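Next up, structure_38.cif (mmCIF, C-alpha atoms):
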```
data_final
loop_
_atom_site.label_atom_id
_atom_site.label_comp_id
_atom_site.auth_asym_id
_atom_site.auth_seq_id
_atom_site.Cartn_x
_atom_site.Cartn_y
_atom_site.Cartn_z
CA MET G 1 58.69 17.75 -83.45
CA MET G 2 56.55 14.66 -83.83
CA ARG G 3 55.07 12.21 -86.27
CA ASN G 4 57.77 12.58 -88.91
CA GLU G 5 57.26 9.00 -90.06
CA ARG G 6 55.69 8.57 -93.46
CA ALA G 7 52.00 7.64 -93.30
CA PRO G 8 49.88 6.62 -96.27
CA ALA G 9 48.36 9.56 -98.09
CA MET G 10 44.67 9.49 -98.93
CA THR G 11 43.85 8.15 -102.40
CA ARG G 12 41.51 10.09 -104.67
CA PRO G 13 38.67 10.26 -104.86
CA VAL G 14 37.75 8.07 -101.92
CA THR G 15 34.38 7.59 -100.27
CA ILE G 16 34.99 7.95 -96.55
CA GLY G 17 31.41 7.68 -95.37
CA LYS G 18 27.90 8.43 -96.51
CA GLY G 19 28.02 12.00 -97.73
CA ILE G 20 31.79 12.38 -97.25
CA VAL G 21 34.25 12.02 -100.13
CA GLY G 22 37.95 12.83 -100.00
CA PHE G 23 40.28 14.14 -102.68
CA ALA G 24 44.03 14.58 -102.13
CA ALA G 25 45.83 17.06 -104.42
CA ARG G 26 49.51 17.90 -104.74
CA THR G 27 50.42 21.13 -102.96
CA PRO G 28 53.54 23.05 -101.83
CA THR G 29 53.22 21.73 -98.29
CA LEU G 30 55.88 20.74 -95.76
CA PRO G 31 57.54 17.31 -96.14
CA PRO G 32 56.97 14.47 -95.60
CA ALA G 33 53.47 15.44 -96.77
CA THR G 34 53.11 16.14 -100.49
CA THR G 35 49.35 16.62 -100.73
CA THR G 36 46.51 18.47 -99.05
CA ASN G 37 43.14 16.78 -98.60
CA SER G 38 39.93 18.31 -99.85
CA TYR G 39 36.57 16.95 -98.72
CA ALA G 40 33.13 16.96 -100.32
CA LEU G 41 30.61 17.08 -97.48
CA GLY G 42 26.92 16.37 -98.00
CA GLU G 43 24.66 13.82 -99.70
CA HIS G 44 22.69 16.33 -101.80
CA GLU G 45 23.99 19.81 -101.08
CA VAL G 46 27.79 19.69 -101.05
CA LEU G 47 30.38 21.88 -99.35
CA LEU G 48 33.87 21.55 -100.87
CA VAL G 49 36.48 21.94 -98.14
CA GLU G 50 40.00 23.21 -98.99
CA PRO G 51 40.53 24.75 -102.46
CA ALA G 52 44.13 23.76 -101.92
CA THR G 53 46.21 23.17 -105.00
CA PRO G 54 47.84 25.98 -107.02
CA TYR G 55 48.94 23.63 -109.80
CA ASP G 56 47.06 23.72 -113.12
CA ASP G 57 47.08 19.96 -113.69
CA GLU G 58 45.83 19.25 -110.19
CA GLN G 59 43.18 21.94 -110.48
CA ARG G 60 41.88 20.24 -113.62
CA GLU G 61 41.61 16.98 -111.69
CA PHE G 62 39.84 18.73 -108.82
CA LEU G 63 37.37 20.35 -111.22
CA ALA G 64 36.66 16.97 -112.81
CA PHE G 65 36.05 15.56 -109.33
CA ALA G 66 33.69 18.40 -108.41
CA ARG G 67 31.76 18.24 -111.66
CA ALA G 68 31.38 14.48 -111.34
CA LEU G 69 29.54 15.12 -108.08
CA GLU G 70 27.12 17.34 -109.99
CA THR G 71 26.47 14.61 -112.56
CA GLU G 72 25.38 12.41 -109.63
CA GLY G 73 22.65 14.95 -108.83
CA ARG G 74 24.46 16.76 -106.05
CA ARG G 75 24.48 20.55 -105.82
CA LEU G 76 27.70 22.34 -104.97
CA VAL G 77 27.03 25.24 -102.61
CA ALA G 78 30.44 26.71 -101.69
CA LEU G 79 34.17 26.30 -101.19
CA PHE G 80 35.45 26.40 -97.61
CA ALA G 81 38.98 27.20 -96.41
CA THR G 82 40.08 26.04 -92.97
CA HIS G 83 42.80 28.74 -92.89
CA HIS G 84 45.02 30.96 -95.01
CA HIS G 85 48.20 28.94 -95.54
CA PRO G 86 49.18 28.52 -99.23
CA ASP G 87 48.77 24.74 -99.24
CA HIS G 88 45.10 25.24 -98.28
CA VAL G 89 44.04 28.14 -100.50
CA GLY G 90 46.38 27.87 -103.47
CA GLY G 91 43.46 27.25 -105.81
CA ALA G 92 40.85 29.41 -104.10
CA SER G 93 40.42 32.08 -106.77
CA ALA G 94 40.78 29.78 -109.78
CA LEU G 95 38.48 27.06 -108.47
CA SER G 96 35.88 29.52 -107.19
CA HIS G 97 35.77 31.17 -110.61
CA ALA G 98 35.72 27.91 -112.59
CA LEU G 99 32.93 26.37 -110.52
CA GLY G 100 31.01 29.60 -109.95
CA LEU G 101 31.06 28.98 -106.21
CA PRO G 102 31.43 31.44 -103.31
CA LEU G 103 34.35 31.06 -100.90
CA TRP G 104 33.74 30.82 -97.16
CA GLY G 105 36.16 31.15 -94.26
CA HIS G 106 37.01 33.04 -91.08
CA ALA G 107 37.46 36.83 -90.98
CA GLU G 108 41.09 36.39 -89.88
CA THR G 109 41.68 34.21 -92.93
CA ALA G 110 40.09 36.74 -95.27
CA ALA G 111 42.18 39.54 -93.73
CA ARG G 112 45.36 37.65 -94.62
CA LEU G 113 44.25 37.06 -98.20
CA PRO G 114 43.26 40.54 -99.45
CA GLY G 115 43.45 39.43 -103.09
CA ILE G 116 40.84 36.69 -102.62
CA ALA G 117 37.14 37.46 -102.27
CA PHE G 118 35.32 35.76 -99.38
CA ALA G 119 31.54 35.72 -99.79
CA ARG G 120 30.73 34.51 -96.27
CA LEU G 121 32.67 34.89 -93.05
CA LEU G 122 32.12 32.06 -90.60
CA GLY G 123 32.94 31.93 -86.92
CA GLU G 124 32.44 30.02 -83.70
CA GLY G 125 28.87 28.81 -83.30
CA ASP G 126 27.81 29.08 -86.93
CA VAL G 127 26.20 25.99 -88.45
CA VAL G 128 26.38 24.94 -92.09
CA VAL G 129 23.33 22.81 -92.90
CA LEU G 130 23.58 20.67 -96.03
CA ALA G 131 20.32 19.27 -97.36
CA GLY G 132 20.02 15.58 -98.16
CA PRO G 133 18.05 12.44 -97.27
CA VAL G 134 19.51 12.95 -93.81
CA PRO G 135 20.70 16.58 -93.57
CA GLN G 136 24.18 17.21 -92.29
CA ALA G 137 24.65 20.07 -89.81
CA TRP G 138 28.31 21.04 -89.56
CA ARG G 139 29.13 23.21 -86.56
CA VAL G 140 31.90 25.74 -87.04
CA LEU G 141 34.64 25.64 -84.40
CA HIS G 142 37.16 28.47 -84.28
CA THR G 143 40.41 26.72 -83.35
CA PRO G 144 43.30 29.22 -83.55
CA GLY G 145 46.83 28.32 -82.54
CA HIS G 146 48.21 27.00 -85.80
CA ALA G 147 46.68 29.98 -87.63
CA PRO G 148 44.59 32.87 -86.28
CA GLY G 149 41.57 32.07 -88.45
CA HIS G 150 41.76 28.28 -88.30
CA LEU G 151 38.34 26.64 -88.46
CA CYS G 152 37.20 23.06 -87.91
CA LEU G 153 33.82 21.62 -88.92
CA TYR G 154 32.06 19.21 -86.53
CA GLU G 155 29.02 17.05 -87.31
CA PRO G 156 27.72 15.73 -83.95
CA ARG G 157 25.34 13.15 -85.44
CA LEU G 158 28.19 11.57 -87.39
CA ALA G 159 30.81 12.19 -84.67
CA VAL G 160 33.11 13.40 -87.46
CA ALA G 161 35.19 16.57 -87.68
CA VAL G 162 37.20 18.20 -90.44
CA VAL G 163 40.28 19.23 -88.47
CA GLY G 164 42.48 20.99 -91.04
CA ASP G 165 45.97 21.42 -89.61
CA MET G 166 45.17 20.66 -85.98
CA VAL G 167 46.61 17.15 -86.34
CA ALA G 168 47.89 15.01 -89.21
CA SER G 169 48.43 11.37 -90.00
CA GLU G 170 51.30 12.42 -92.25
CA GLY G 171 53.99 14.87 -91.18
CA THR G 172 53.98 17.27 -88.26
CA ILE G 173 52.02 20.35 -87.25
CA LEU G 174 54.22 23.41 -87.07
CA ILE G 175 53.36 26.32 -84.80
CA ASP G 176 54.91 29.52 -86.12
CA PRO G 177 55.86 31.97 -83.32
CA VAL G 178 54.83 34.97 -85.43
CA GLU G 179 51.25 34.07 -86.30
CA GLY G 180 50.75 30.99 -84.15
CA ASP G 181 50.03 30.54 -80.46
CA MET G 182 51.31 27.39 -78.78
CA GLY G 183 49.20 27.81 -75.66
CA ARG G 184 45.98 28.33 -77.58
CA TYR G 185 46.82 25.43 -79.91
CA LEU G 186 47.01 23.05 -76.95
CA VAL G 187 43.74 24.39 -75.53
CA GLU G 188 42.01 23.71 -78.84
CA LEU G 189 43.46 20.20 -79.07
CA GLU G 190 42.06 19.47 -75.63
CA ARG G 191 38.72 20.83 -76.79
CA LEU G 192 38.72 18.49 -79.80
CA ALA G 193 39.57 15.58 -77.52
CA LYS G 194 36.40 16.22 -75.51
CA LEU G 195 34.23 15.72 -78.62
CA ASP G 196 34.84 11.95 -78.52
CA LEU G 197 34.97 11.76 -82.31
CA GLU G 198 34.62 8.60 -84.34
CA LEU G 199 36.66 10.08 -87.17
CA ALA G 200 38.90 13.10 -87.80
CA LEU G 201 39.48 14.32 -91.34
CA PRO G 202 42.93 15.98 -91.47
CA ALA G 203 44.41 18.10 -94.23
CA HIS G 204 47.41 15.80 -94.52
CA GLY G 205 47.40 12.01 -94.54
CA ALA G 206 44.64 9.46 -94.22
CA PRO G 207 41.46 9.91 -92.12
CA ILE G 208 42.06 9.19 -88.44
CA PRO G 209 39.66 6.77 -86.71
CA GLN G 210 39.04 7.23 -82.99
CA PRO G 211 41.28 10.34 -82.88
CA THR G 212 40.86 11.21 -79.21
CA ALA G 213 44.05 9.36 -78.26
CA LEU G 214 45.95 11.24 -80.96
CA PHE G 215 44.74 14.61 -79.66
CA HIS G 216 45.95 13.64 -76.19
CA HIS G 217 49.25 12.42 -77.65
CA TYR G 218 49.84 15.75 -79.37
CA VAL G 219 49.22 17.63 -76.13
CA ALA G 220 51.45 15.28 -74.12
CA HIS G 221 54.22 15.57 -76.70
CA ARG G 222 54.14 19.37 -76.62
CA ARG G 223 54.14 19.37 -72.80
CA MET G 224 57.14 17.04 -72.88
CA ARG G 225 58.92 19.37 -75.29
CA GLU G 226 58.12 22.38 -73.14
CA ALA G 227 59.72 20.60 -70.18
CA LYS G 228 62.85 19.97 -72.27
CA VAL G 229 62.95 23.65 -73.24
CA LYS G 230 62.74 24.70 -69.59
CA ASP G 231 65.49 22.20 -68.69
CA ALA G 232 67.65 23.63 -71.48
CA LEU G 233 67.16 27.13 -70.09
CA ALA G 234 67.88 25.94 -66.56
CA GLY G 235 71.19 24.51 -67.73
CA ARG G 236 72.26 27.86 -69.18
CA ALA G 237 72.13 30.26 -66.25
CA GLU G 238 73.75 32.98 -68.38
CA GLY G 239 71.07 32.54 -71.04
CA ALA G 240 71.24 31.17 -74.56
CA THR G 241 70.26 31.98 -78.11
CA LEU G 242 67.90 29.89 -80.22
CA ASP G 243 70.86 28.36 -82.05
CA GLU G 244 72.37 27.31 -78.74
CA LEU G 245 69.13 25.90 -77.33
CA VAL G 246 68.08 23.75 -80.29
CA PRO G 247 70.77 21.04 -79.85
CA ILE G 248 69.83 20.75 -76.17
CA ALA G 249 66.03 20.90 -76.29
CA TYR G 250 65.87 18.83 -79.50
CA ALA G 251 68.73 16.40 -78.86
CA ASP G 252 66.31 13.57 -79.71
CA THR G 253 65.57 15.05 -83.16
CA LYS G 254 67.59 14.47 -86.32
CA ARG G 255 70.03 17.29 -87.02
CA GLU G 256 68.56 17.92 -90.49
CA LEU G 257 65.26 18.79 -88.82
CA TRP G 258 66.78 21.37 -86.48
CA PRO G 259 65.89 24.36 -88.71
CA ILE G 260 62.21 23.44 -88.43
CA ALA G 261 62.68 22.51 -84.77
CA GLN G 262 63.98 26.03 -84.12
CA VAL G 263 60.64 27.46 -85.27
CA SER G 264 58.81 25.20 -82.82
CA LEU G 265 61.34 26.02 -80.10
CA GLU G 266 60.68 29.72 -80.48
CA ALA G 267 56.93 29.11 -80.28
CA HIS G 268 57.46 27.30 -76.98
CA LEU G 269 59.68 30.10 -75.70
CA VAL G 270 57.15 32.78 -76.65
CA GLU G 271 54.52 30.84 -74.68
CA LEU G 272 56.86 30.63 -71.67
CA LEU G 273 57.53 34.37 -72.03
CA ARG G 274 53.80 35.06 -72.05
CA ARG G 275 53.39 33.08 -68.81
CA GLY G 276 56.32 34.83 -67.15
CA VAL G 277 58.45 31.67 -67.03
CA ALA G 278 61.09 32.89 -69.49
CA ARG G 279 62.55 36.25 -70.43
CA LEU G 280 64.19 37.59 -73.59
CA ASP G 281 66.96 40.17 -73.68
CA GLY G 282 68.70 41.03 -76.93
CA GLY G 283 68.10 37.67 -78.52
CA VAL G 284 69.19 35.77 -75.38
CA TRP G 285 66.60 33.60 -73.63
CA SER G 286 66.74 32.69 -69.95
CA LEU G 287 64.47 31.59 -67.13
CA ALA G 288 62.63 34.45 -65.43
#
```

The structure given in the file should be rewritten as structure tokens.
Amino acid sequence: MMRNERAPAMTRPVTIGKGIVGFAARTPTLPPATTTNSYALGEHEVLLVEPATPYDDEQREFLAFARALETEGRRLVALFATHHHPDHVGGASALSHALGLPLWGHAETAARLPGIAFARLLGEGDVVVLAGPVPQAWRVLHTPGHAPGHLCLYEPRLAVAVVGDMVASEGTILIDPVEGDMGRYLVELERLAKLDLELALPAHGAPIPQPTALFHHYVAHRRMREAKVKDALAGRAEGATLDELVPIAYADTKRELWPIAQVSLEAHLVELLRRGVARLDGGVWSLA
């Protein structure tokens, strides 16, 4: 676990840069976060990132925000979902219908949301060009690990990226062992670090200036935790269950966070299993 301290949430709406406006809405997300950030990208043509909130009152506020952009002479072109988790697409159908906008996302995201219509499937290498005095060209990066269809958007000229749930300035990023992939998540964090961004726009918490150090911190923290998991296994030659390993591998984590820690622990163990470092037999984990 990491970054459980409370960080300031993004106010709304807030102008982050020329052609980038943020809007934080209340969502059923994991504490300590209480909101998910949406972003309006583009000076003339506008892409609305994250139709997040399922709550009627918050949807009304989001719609007012979106329509205010139109009164400024901007043209809304689409809604974009970074991935399929409920705190990112809770308003997808309602907001798409109310604004008359198509929904865009990755094929893996669409496959996990069969009740929501996706008009355009985006993947690695696609570019979303938004017209304006200086056009913005957002490159699509497929960054699975947290979710199979997770997408980031990268604008090289601005050195800015929308990073969804890759990192956060509020709360932690959880890797679920069922649909997540710890190894791939770390690879994608290292990839983001190589972009040398000026600004990262996360789904939770305030925008992150000069985020390269944070990407490296996330990787280092996960490597440290993996080492603790291996040490815990080494200390139990007869093997151990998840319940038995959590107090050892997460001894530095508050006990009330152990249920969430166990999810992360299992993700680490599945990665060690994939690499042939650990083995699993009847719910008992041990070193291979």

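This file, filtered with the PyMOL selection byres ((chain G and resi 211) around 8), gives the residues Ala193, Asp196, Leu197, Glu198, Leu199, Ala200, Ile208, Pro209, Gln210, Thr212, Ala213, Leu214 and Phe215 of chain G.
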
Any chance you could work out the residue set of the PyMOL selection byres ((chain G and resi 150-167) around 9) here, as a tab-separated table (two decimals) with C-alpha atoms, keeping the file's coordinate frame?
```
chain	number	residue	atom	x	y	z
G	37	ASN	CA	43.14	16.78	-98.60
G	39	TYR	CA	36.57	16.95	-98.72
G	49	VAL	CA	36.48	21.94	-98.14
G	50	GLU	CA	40.00	23.21	-98.99
G	81	ALA	CA	38.98	27.20	-96.41
G	82	THR	CA	40.08	26.04	-92.97
G	83	HIS	CA	42.80	28.74	-92.89
G	84	HIS	CA	45.02	30.96	-95.01
G	88	HIS	CA	45.10	25.24	-98.28
G	105	GLY	CA	36.16	31.15	-94.26
G	106	HIS	CA	37.01	33.04	-91.08
G	108	GLU	CA	41.09	36.39	-89.88
G	109	THR	CA	41.68	34.21	-92.93
G	122	LEU	CA	32.12	32.06	-90.60
G	123	GLY	CA	32.94	31.93	-86.92
G	124	GLU	CA	32.44	30.02	-83.70
G	127	VAL	CA	26.20	25.99	-88.45
G	128	VAL	CA	26.38	24.94	-92.09
G	136	GLN	CA	24.18	17.21	-92.29
G	137	ALA	CA	24.65	20.07	-89.81
G	138	TRP	CA	28.31	21.04	-89.56
G	139	ARG	CA	29.13	23.21	-86.56
G	140	VAL	CA	31.90	25.74	-87.04
G	141	LEU	CA	34.64	25.64	-84.40
G	142	HIS	CA	37.16	28.47	-84.28
G	143	THR	CA	40.41	26.72	-83.35
G	144	PRO	CA	43.30	29.22	-83.55
G	145	GLY	CA	46.83	28.32	-82.54
G	146	HIS	CA	48.21	27.00	-85.80
G	147	ALA	CA	46.68	29.98	-87.63
G	148	PRO	CA	44.59	32.87	-86.28
G	149	GLY	CA	41.57	32.07	-88.45
G	168	ALA	CA	47.89	15.01	-89.21
G	169	SER	CA	48.43	11.37	-90.00
G	170	GLU	CA	51.30	12.42	-92.25
G	172	THR	CA	53.98	17.27	-88.26
G	173	ILE	CA	52.02	20.35	-87.25
G	174	LEU	CA	54.22	23.41	-87.07
G	185	TYR	CA	46.82	25.43	-79.91
G	188	GLU	CA	42.01	23.71	-78.84
G	189	LEU	CA	43.46	20.20	-79.07
G	192	LEU	CA	38.72	18.49	-79.80
G	195	LEU	CA	34.23	15.72	-78.62
G	196	ASP	CA	34.84	11.95	-78.52
G	197	LEU	CA	34.97	11.76	-82.31
G	198	GLU	CA	34.62	8.60	-84.34
G	199	LEU	CA	36.66	10.08	-87.17
G	200	ALA	CA	38.90	13.10	-87.80
G	201	LEU	CA	39.48	14.32	-91.34
G	202	PRO	CA	42.93	15.98	-91.47
G	203	ALA	CA	44.41	18.10	-94.23
G	204	HIS	CA	47.41	15.80	-94.52
G	214	LEU	CA	45.95	11.24	-80.96
G	215	PHE	CA	44.74	14.61	-79.66
G	218	TYR	CA	49.84	15.75	-79.37
```

If you count only C-alpha atoms, the residue of G:Leu186, G:Leu242, G:Val21, G:Ala237 closest to Val219 in chain G turns out to be G:Leu186

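Atom to atom, CA of Phe23 in chain G and CA of Phe65 in chain G stand 8.0 Å apart.
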
- Long-range neighbours of Leu130 in chain G as a ChimeraX atom specification, 8 Å cut-off, all atoms listed in the file, 4 positions minimum in chain: /G:42-47,135-137

Put those residues in a file: C-alpha atoms, as a short mmCIF file (atom, residue, chain, number, x, y, z; two decimals), in the coordinates of the input.
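As a result, selection-v6.cif now contains:
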```
data_model
loop_
_atom_site.label_atom_id
_atom_site.label_comp_id
_atom_site.auth_asym_id
_atom_site.auth_seq_id
_atom_site.Cartn_x
_atom_site.Cartn_y
_atom_site.Cartn_z
CA GLY G 42 26.92 16.37 -98.00
CA GLU G 43 24.66 13.82 -99.70
CA HIS G 44 22.69 16.33 -101.80
CA GLU G 45 23.99 19.81 -101.08
CA VAL G 46 27.79 19.69 -101.05
CA LEU G 47 30.38 21.88 -99.35
CA PRO G 135 20.70 16.58 -93.57
CA GLN G 136 24.18 17.21 -92.29
CA ALA G 137 24.65 20.07 -89.81
#
```

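With CA of Thr241 in chain G on one side and CA of His85 in chain G on the other, the separation reads 28.3 Å.
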
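A straight line drawn from CA of Thr53 in chain G to CA of Gly91 in chain G is 5.0 Å long.
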
| message | From (39.0, 26.8, -111.6), in the file's coordinates, out to 12 Å: which residues are reached, counting all atoms listed in the file? Answer as a PyMOL selection string. | response | chain G and resi 51-67+79+90-101

Export of the given selection (C-alpha atoms) as a compact mmCIF listing (two decimals), in the frame of the given file:
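Okay, part_30.txt is ready:
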```
# COMPACT_ATOMS: atom_id res chain seq x y z
CA PRO G 51 40.53 24.75 -102.46
CA ALA G 52 44.13 23.76 -101.92
CA THR G 53 46.21 23.17 -105.00
CA PRO G 54 47.84 25.98 -107.02
CA TYR G 55 48.94 23.63 -109.80
CA ASP G 56 47.06 23.72 -113.12
CA ASP G 57 47.08 19.96 -113.69
CA GLU G 58 45.83 19.25 -110.19
CA GLN G 59 43.18 21.94 -110.48
CA ARG G 60 41.88 20.24 -113.62
CA GLU G 61 41.61 16.98 -111.69
CA PHE G 62 39.84 18.73 -108.82
CA LEU G 63 37.37 20.35 -111.22
CA ALA G 64 36.66 16.97 -112.81
CA PHE G 65 36.05 15.56 -109.33
CA ALA G 66 33.69 18.40 -108.41
CA ARG G 67 31.76 18.24 -111.66
CA LEU G 79 34.17 26.30 -101.19
CA GLY G 90 46.38 27.87 -103.47
CA GLY G 91 43.46 27.25 -105.81
CA ALA G 92 40.85 29.41 -104.10
CA SER G 93 40.42 32.08 -106.77
CA ALA G 94 40.78 29.78 -109.78
CA LEU G 95 38.48 27.06 -108.47
CA SER G 96 35.88 29.52 -107.19
CA HIS G 97 35.77 31.17 -110.61
CA ALA G 98 35.72 27.91 -112.59
CA LEU G 99 32.93 26.37 -110.52
CA GLY G 100 31.01 29.60 -109.95
CA LEU G 101 31.06 28.98 -106.21
```

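Nearest to Val246 in chain G of all the residues G:Arg225, G:Arg12, G:Arg75, G:Arg191 is G:Arg225, based on all atoms listed in the file.
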
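Of the listed residues (G:Ile260, G:Glu271, G:Pro207, G:Arg74), G:Glu271 comes nearest to Glu226 in chain G; the distances count all atoms listed in the file.
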
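If you measure from each of G:Leu41, G:Leu273, G:Ala25, G:Val14 to Met182 in chain G using all atoms listed in the file, the closest one turns out to be G:Leu273.
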
- Task: Taking (29.4, 33.9, -103.9) in the file's own coordinates, collect the residues within 8 Å, counting all atoms listed in the file, and hand them back as a PyMOL selection string.
- Result: chain G and resi 78+100-103+118-120

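Evaluated against this file, the PyMOL selection byres ((chain G and resi 28) around 6) yields Thr27, Thr29 and Asp87 of chain G.
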
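Considering the residues G:Ala206, G:Leu257, G:Val270, G:Val284 and counting all atoms listed in the file, Ala240 in chain G has its shortest atom-to-atom contact with G:Val284.
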
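Across G:Leu69, G:Leu280, G:Ala110, G:Ile16, the tightest approach to Val89 in chain G is made by G:Ala110 when counting all atoms listed in the file.
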